[in-house]
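Below: my_file-v7.cif (mmCIF, C-alpha atoms)
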data_work
#
loop_
_atom_site.label_atom_id
_atom_site.label_comp_id
_atom_site.auth_asym_id
_atom_site.auth_seq_id
_atom_site.Cartn_x
_atom_site.Cartn_y
_atom_site.Cartn_z
CA MET A 1115 -147.01 -74.69 112.18
CA LYS A 1116 -147.05 -78.25 110.85
CA ASN A 1117 -143.29 -78.19 110.27
CA THR A 1118 -142.67 -76.91 113.80
CA LEU A 1119 -144.81 -79.65 115.35
CA LEU A 1120 -143.17 -82.34 113.22
CA ARG A 1121 -139.73 -80.97 114.14
CA VAL A 1122 -140.60 -81.12 117.86
CA ASN A 1123 -141.97 -84.65 117.49
CA ASP A 1124 -138.84 -85.68 115.55
CA ALA A 1125 -136.73 -84.43 118.47
CA ILE A 1126 -138.91 -86.27 121.00
CA TYR A 1127 -138.73 -89.43 118.88
CA LYS A 1128 -134.93 -89.26 118.61
CA THR A 1129 -134.67 -88.64 122.36
CA CYS A 1130 -136.83 -91.70 123.05
CA VAL A 1131 -134.65 -93.82 120.77
CA TRP A 1132 -131.44 -92.61 122.41
CA VAL A 1133 -132.71 -92.98 125.99
CA ALA A 1134 -134.11 -96.46 125.29
CA GLY A 1135 -130.90 -97.49 123.53
CA LEU A 1136 -128.74 -96.14 126.34
CA ALA A 1137 -130.90 -97.98 128.88
CA ILE A 1138 -130.30 -101.26 127.03
CA VAL A 1139 -126.54 -100.65 126.83
CA VAL A 1140 -126.21 -99.77 130.52
CA MET A 1141 -128.47 -102.66 131.52
CA SER A 1142 -126.37 -105.11 129.52
CA MET A 1143 -123.27 -103.90 131.37
CA ILE A 1144 -124.87 -103.97 134.84
CA ILE A 1145 -126.20 -107.53 134.65
CA PRO A 1146 -122.81 -109.16 133.86
CA TRP A 1147 -121.20 -107.01 136.56
CA GLY A 1148 -123.74 -108.28 139.10
CA ILE A 1149 -123.06 -111.88 138.09
CA PHE A 1150 -119.29 -111.35 138.17
CA ALA A 1151 -119.42 -109.67 141.58
CA ARG A 1152 -121.60 -112.40 143.07
CA TYR A 1153 -119.88 -115.51 141.71
CA VAL A 1154 -116.28 -114.41 141.17
CA LEU A 1155 -115.74 -111.77 143.82
CA GLY A 1156 -118.11 -113.45 146.26
CA SER A 1157 -119.79 -110.19 147.29
CA GLY A 1158 -122.81 -109.37 145.18
CA GLY A 1159 -124.33 -105.97 145.73
CA GLY A 1160 -128.02 -105.36 146.06
CA TRP A 1161 -128.16 -102.60 143.45
CA PRO A 1162 -127.58 -104.33 140.05
CA GLU A 1163 -130.92 -106.13 139.84
CA PRO A 1164 -133.24 -103.20 140.75
CA VAL A 1165 -131.26 -100.81 138.55
CA ALA A 1166 -131.46 -103.27 135.64
CA ILE A 1167 -135.21 -103.63 136.18
CA LEU A 1168 -135.65 -99.84 136.24
CA LEU A 1169 -133.66 -99.55 133.01
CA MET A 1170 -135.85 -102.25 131.44
CA VAL A 1171 -138.97 -100.30 132.40
CA ILE A 1172 -137.49 -97.16 130.84
CA PHE A 1173 -136.56 -99.10 127.70
CA THR A 1174 -140.01 -100.66 127.50
CA PHE A 1175 -142.15 -97.53 127.74
CA LEU A 1176 -139.95 -95.06 125.85
CA GLY A 1177 -138.98 -97.69 123.30
CA ALA A 1178 -142.64 -98.52 122.73
CA ALA A 1179 -143.42 -94.85 122.08
CA ALA A 1180 -140.57 -94.60 119.55
CA SER A 1181 -141.57 -97.91 118.00
CA TYR A 1182 -145.16 -96.72 117.62
CA ARG A 1183 -144.08 -93.58 115.76
CA ALA A 1184 -141.67 -95.54 113.56
CA GLY A 1185 -144.47 -97.93 112.59
CA ALA A 1186 -142.44 -100.82 114.00
CA HIS A 1187 -144.79 -101.74 116.83
CA MET A 1188 -146.58 -105.04 116.63
CA ALA A 1189 -149.82 -104.87 114.64
CA VAL A 1190 -152.10 -107.77 113.85
CA THR A 1191 -153.86 -106.92 110.59
CA MET A 1192 -155.22 -110.32 109.62
CA PHE A 1193 -158.81 -109.19 110.20
CA THR A 1194 -158.54 -105.65 108.85
CA ASP A 1195 -156.73 -106.76 105.67
CA ARG A 1196 -159.79 -108.83 104.75
CA LEU A 1197 -162.20 -105.92 105.08
CA PRO A 1198 -163.33 -103.96 102.01
CA GLU A 1199 -160.92 -101.19 101.02
CA HIS A 1200 -163.37 -98.37 101.82
CA LEU A 1201 -163.48 -99.46 105.50
CA HIS A 1202 -159.70 -99.39 106.03
CA ARG A 1203 -159.60 -95.65 106.71
CA HIS A 1204 -162.42 -95.90 109.27
CA ILE A 1205 -160.80 -98.87 111.02
CA GLU A 1206 -157.46 -96.99 111.11
CA LEU A 1207 -159.18 -94.03 112.81
CA LEU A 1208 -160.90 -96.37 115.29
CA VAL A 1209 -157.56 -98.01 116.10
CA GLN A 1210 -155.93 -94.60 116.69
CA ILE A 1211 -158.80 -93.50 118.95
CA LEU A 1212 -158.56 -96.73 120.98
CA MET A 1213 -154.78 -96.32 121.16
CA GLY A 1214 -155.28 -92.75 122.37
CA ILE A 1215 -157.64 -93.98 125.11
CA ILE A 1216 -155.05 -96.52 126.26
CA CYS A 1217 -152.35 -93.83 126.31
CA LEU A 1218 -154.60 -91.47 128.23
CA PHE A 1219 -155.28 -94.25 130.75
CA MET A 1220 -151.53 -94.91 131.12
CA THR A 1221 -150.83 -91.22 131.60
CA ILE A 1222 -153.59 -90.44 134.11
CA TRP A 1223 -153.36 -93.62 136.20
CA GLY A 1224 -149.57 -93.66 135.90
CA ILE A 1225 -149.42 -90.17 137.42
CA LYS A 1226 -151.78 -91.31 140.19
CA LEU A 1227 -149.55 -94.33 140.82
CA CYS A 1228 -146.45 -92.11 141.02
CA ILE A 1229 -148.18 -89.77 143.46
CA ALA A 1230 -149.50 -92.64 145.60
CA THR A 1231 -146.05 -94.23 145.92
CA TRP A 1232 -143.98 -91.02 146.12
CA ASN A 1233 -143.28 -91.29 149.87
CA GLN A 1234 -142.15 -94.92 149.65
CA PHE A 1235 -138.50 -95.81 149.08
CA MET A 1236 -136.95 -98.87 147.43
CA SER A 1237 -135.58 -101.30 150.02
CA THR A 1238 -132.52 -102.14 147.92
CA LEU A 1239 -131.91 -98.51 146.88
CA PRO A 1240 -133.01 -96.47 149.91
CA THR A 1241 -132.44 -93.08 148.24
CA LEU A 1242 -134.73 -93.88 145.28
CA ARG A 1243 -138.44 -93.13 145.60
CA VAL A 1244 -140.84 -95.78 144.30
CA GLY A 1245 -142.82 -93.04 142.54
CA ILE A 1246 -139.79 -92.24 140.41
CA THR A 1247 -139.45 -95.86 139.36
CA TYR A 1248 -143.03 -95.78 138.07
CA SER A 1249 -142.57 -92.49 136.18
CA PRO A 1250 -141.73 -94.12 132.80
CA ILE A 1251 -145.36 -95.30 132.64
CA PRO A 1252 -147.04 -91.86 132.45
CA ILE A 1253 -144.13 -90.37 130.49
CA GLY A 1254 -144.29 -93.14 127.89
CA GLY A 1255 -148.08 -92.88 127.80
CA ALA A 1256 -147.99 -89.12 127.25
CA ILE A 1257 -145.35 -89.36 124.51
CA THR A 1258 -147.24 -92.14 122.75
CA LEU A 1259 -150.45 -90.08 123.04
CA LEU A 1260 -148.61 -87.20 121.38
CA PHE A 1261 -147.60 -89.53 118.54
CA VAL A 1262 -151.18 -90.85 118.24
CA ILE A 1263 -152.50 -87.30 117.90
CA GLU A 1264 -149.79 -86.60 115.34
CA ARG A 1265 -150.85 -89.66 113.35
CA ILE A 1266 -154.52 -88.64 113.44
CA ILE A 1267 -153.80 -85.06 112.32
CA PHE A 1268 -150.82 -85.44 109.97
CA GLY A 1269 -150.97 -89.12 109.04
CA ASP A 1270 -148.43 -91.88 109.44
CA GLN A 1271 -144.93 -90.43 109.84
CA SER A 1272 -143.06 -93.74 109.75
CA HIS A 1273 -142.19 -93.45 106.04
CA ARG A 1274 -141.26 -89.77 106.14
CA ARG A 1275 -137.60 -88.97 106.11
CA ALA A 1276 -136.37 -86.49 108.67
CA VAL A 1277 -136.36 -83.21 106.78
CA ASN A 1278 -134.14 -80.21 107.33
CA TYR A 1279 -137.03 -77.76 107.79
CA GLU A 1280 -134.80 -74.71 107.55
CA LEU A 1281 -133.83 -75.69 104.00
CA VAL A 1282 -137.48 -76.29 103.13
CA GLU A 1283 -138.52 -72.89 104.48
CA ASP A 1284 -135.58 -71.19 102.70
CA SER A 1285 -136.54 -72.80 99.40
CA LYS A 1286 -140.14 -71.59 99.83
CA GLU A 1287 -138.91 -68.05 100.31
CA ALA A 1288 -136.73 -68.32 97.19
CA VAL A 1289 -139.72 -69.32 95.04
#
Encoded form (structure tokens):
Amino acid sequence: MKNTLLRVNDAIYKTCVWVAGLAIVVMSMIIPWGIFARYVLGSGGGWPEPVAILLMVIFTFLGAAASYRAGAHMAVTMFTDRLPEHLHRHIELLVQILMGIICLFMTIWGIKLCIATWNQFMSTLPTLRVGITYSPIPIGGAITLLFVIERIIFGDQSHRRAVNYELVEDSKEAV
């Protein structure tokens, strides 16, 4: 069961990394195109800026979820490092619970925001619903919440190498 859950979370993590990375690549191609079209061609379109902003939102929330699982998210430990060693485990649990509450807030209120703005359309992209543009908030919150629960149950996964679980299960059967 543990291996299955870790395998699923590994796949979600890799997907977050790829989607966030792709968003950055596409965004860094769209912005120069918008500048080129406006100043060289003399006819800037209205779509490059809102699309770049949407890609930045996707990068921010999915990248933050991946960064959290990888242990690369910003953490200020100046205070906790000075606490006695026996309190570190309790503080770590408290931090994970507070992080879970924040993720739950992002997920619930993000869904409410998407629903409330679903019937509105972007003025610069009239076919795109505003609710869709806000969807990275609850998606990122839910994925990060999944990673918080994983960290509480299975511990920090940032130092674990991705394992080929089929080989592990085969070697257990051989023993």
Can you check which parts of segment 1175-1242 of chain A lie within 9 Å of segment 1132-1152 of chain A? Per residue, the shortest pair of atoms and distance in Å to one decimal, counting all atoms listed in the file, sorted by chain and number, as JSON lines.
{"residue": "A:Phe1175", "atom": "CA", "partner": "A:Ala1134", "partner_atom": "CA", "distance": 8.5}
{"residue": "A:Leu1176", "atom": "CA", "partner": "A:Ala1134", "partner_atom": "CA", "distance": 6.0}
{"residue": "A:Gly1177", "atom": "CA", "partner": "A:Ala1134", "partner_atom": "CA", "distance": 5.4}
{"residue": "A:Ala1180", "atom": "CA", "partner": "A:Ala1134", "partner_atom": "CA", "distance": 8.8}
Taking the point (-148.5, -96.5, 141.8) as given in the file, collect each protein or nucleic acid residue that comes within 12 Å of it, counting all atoms listed in the file, and present the set as a list in words. Met1220, Thr1221, Ile1222, Trp1223, Gly1224, Ile1225, Lys1226, Leu1227, Cys1228, Ile1229, Ala1230, Thr1231, Trp1232, Asn1233, Gln1234, Arg1243, Val1244, Gly1245, Ile1246, Thr1247, Tyr1248, Ser1249, Pro1250, Ile1251 and Pro1252 of chain A
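The list of residues with at least one atom within 12 Å of Gly1269 of chain A, based on all atoms listed in the file and without residues fewer than 5 positions apart in the same chain, reads Lys1116, Leu1120, Arg1183, Gly1185, Arg1203, Glu1206, Leu1207, Gln1210, Phe1261, Val1262, Ile1263, Glu1264 and Arg1274 of chain A.
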How many Å lie between atom CA of Ser1181 of chain A and atom CA of Val1165 of chain A, rounded to one decimal?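 If I compute the distance from atom CA of Ser1181 of chain A to atom CA of Val1165 of chain A, I get 23.2 Å.
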I'd like the contact shell of Ile1257 of chain A - 9 Å cut-off, all atoms listed in the file, skipping same-chain residues fewer than 6 positions apart - returned as a list in words.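 Within the cut-off, the hits are Ile1126, Tyr1127, Cys1130, Leu1176, Ala1179, Ala1180 and Cys1217 of chain A.
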Run the PyMOL selection byres ((chain A and resi 1164) around 10) on the file and write out the hits as a PDB file with C-alpha atoms, in the frame of the given file.
ATOM      1  CA  GLY A1160    -128.020-105.360 146.060  1.00  0.00           C
ATOM      2  CA  TRP A1161    -128.160-102.600 143.450  1.00  0.00           C
ATOM      3  CA  PRO A1162    -127.580-104.330 140.050  1.00  0.00           C
ATOM      4  CA  GLU A1163    -130.920-106.130 139.840  1.00  0.00           C
ATOM      5  CA  VAL A1165    -131.260-100.810 138.550  1.00  0.00           C
ATOM      6  CA  ALA A1166    -131.460-103.270 135.640  1.00  0.00           C
ATOM      7  CA  ILE A1167    -135.210-103.630 136.180  1.00  0.00           C
ATOM      8  CA  LEU A1168    -135.650 -99.840 136.240  1.00  0.00           C
ATOM      9  CA  LEU A1169    -133.660 -99.550 133.010  1.00  0.00           C
ATOM     10  CA  MET A1170    -135.850-102.250 131.440  1.00  0.00           C
ATOM     11  CA  MET A1236    -136.950 -98.870 147.430  1.00  0.00           C
ATOM     12  CA  SER A1237    -135.580-101.300 150.020  1.00  0.00           C
ATOM     13  CA  THR A1238    -132.520-102.140 147.920  1.00  0.00           C
ATOM     14  CA  LEU A1239    -131.910 -98.510 146.880  1.00  0.00           C
ATOM     15  CA  THR A1247    -139.450 -95.860 139.360  1.00  0.00           C
TER      16      THR A1247
END
Which is closest to Phe1219 of chain A among A:Ile1253, A:Val1190, A:Val1154, A:Ala1125, if we use only C-alpha atoms?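 Looking at the shortest contact to Phe1219 of chain A, the residue is A:Ile1253.
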In Å, with one decimal, what is the gap from atom CA of Thr1191 of chain A to atom CA of Leu1259 of chain A?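 Taking atom CA of Thr1191 of chain A as the start and atom CA of Leu1259 of chain A as the end point, the length is 21.2 Å.
Between atom CA of Ile1205 of chain A and atom CA of Thr1174 of chain A lies a distance of 26.6 Å.
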Under the rule that all atoms listed in the file are counted, which of A:Gly1156, A:Pro1240, A:Met1115, A:Ile1172 is the nearest residue to Gly1255 of chain A?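 Under the stated criterion, the closest residue is A:Ile1172.
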Could you add the missing atoms to segment 1212-1223 of chain A, up to N, CA and C atoms, and return them as a compact mmCIF listing (two decimals), in the coordinates of the input?
# COMPACT_ATOMS: atom_id res chain seq x y z
N LEU A 1212 -158.73 -95.76 119.90
CA LEU A 1212 -158.56 -96.73 120.98
C LEU A 1212 -157.15 -96.66 121.56
N MET A 1213 -156.16 -96.47 120.69
CA MET A 1213 -154.78 -96.32 121.16
C MET A 1213 -154.65 -95.06 122.02
N GLY A 1214 -155.29 -93.99 121.60
CA GLY A 1214 -155.28 -92.75 122.37
C GLY A 1214 -155.90 -92.94 123.75
N ILE A 1215 -156.98 -93.70 123.82
CA ILE A 1215 -157.64 -93.98 125.11
C ILE A 1215 -156.69 -94.76 126.02
N ILE A 1216 -156.01 -95.75 125.47
CA ILE A 1216 -155.05 -96.52 126.26
C ILE A 1216 -153.93 -95.63 126.77
N CYS A 1217 -153.43 -94.75 125.91
CA CYS A 1217 -152.35 -93.83 126.31
C CYS A 1217 -152.82 -92.85 127.38
N LEU A 1218 -154.04 -92.37 127.23
CA LEU A 1218 -154.60 -91.47 128.23
C LEU A 1218 -154.73 -92.18 129.58
N PHE A 1219 -155.19 -93.44 129.54
CA PHE A 1219 -155.28 -94.25 130.75
C PHE A 1219 -153.90 -94.41 131.40
N MET A 1220 -152.89 -94.75 130.59
CA MET A 1220 -151.53 -94.91 131.12
C MET A 1220 -151.03 -93.62 131.75
N THR A 1221 -151.32 -92.50 131.11
CA THR A 1221 -150.83 -91.22 131.60
C THR A 1221 -151.52 -90.84 132.91
N ILE A 1222 -152.84 -90.87 132.93
CA ILE A 1222 -153.59 -90.44 134.11
C ILE A 1222 -153.34 -91.37 135.30
N TRP A 1223 -153.53 -92.67 135.09
CA TRP A 1223 -153.36 -93.62 136.20
C TRP A 1223 -151.89 -93.80 136.56
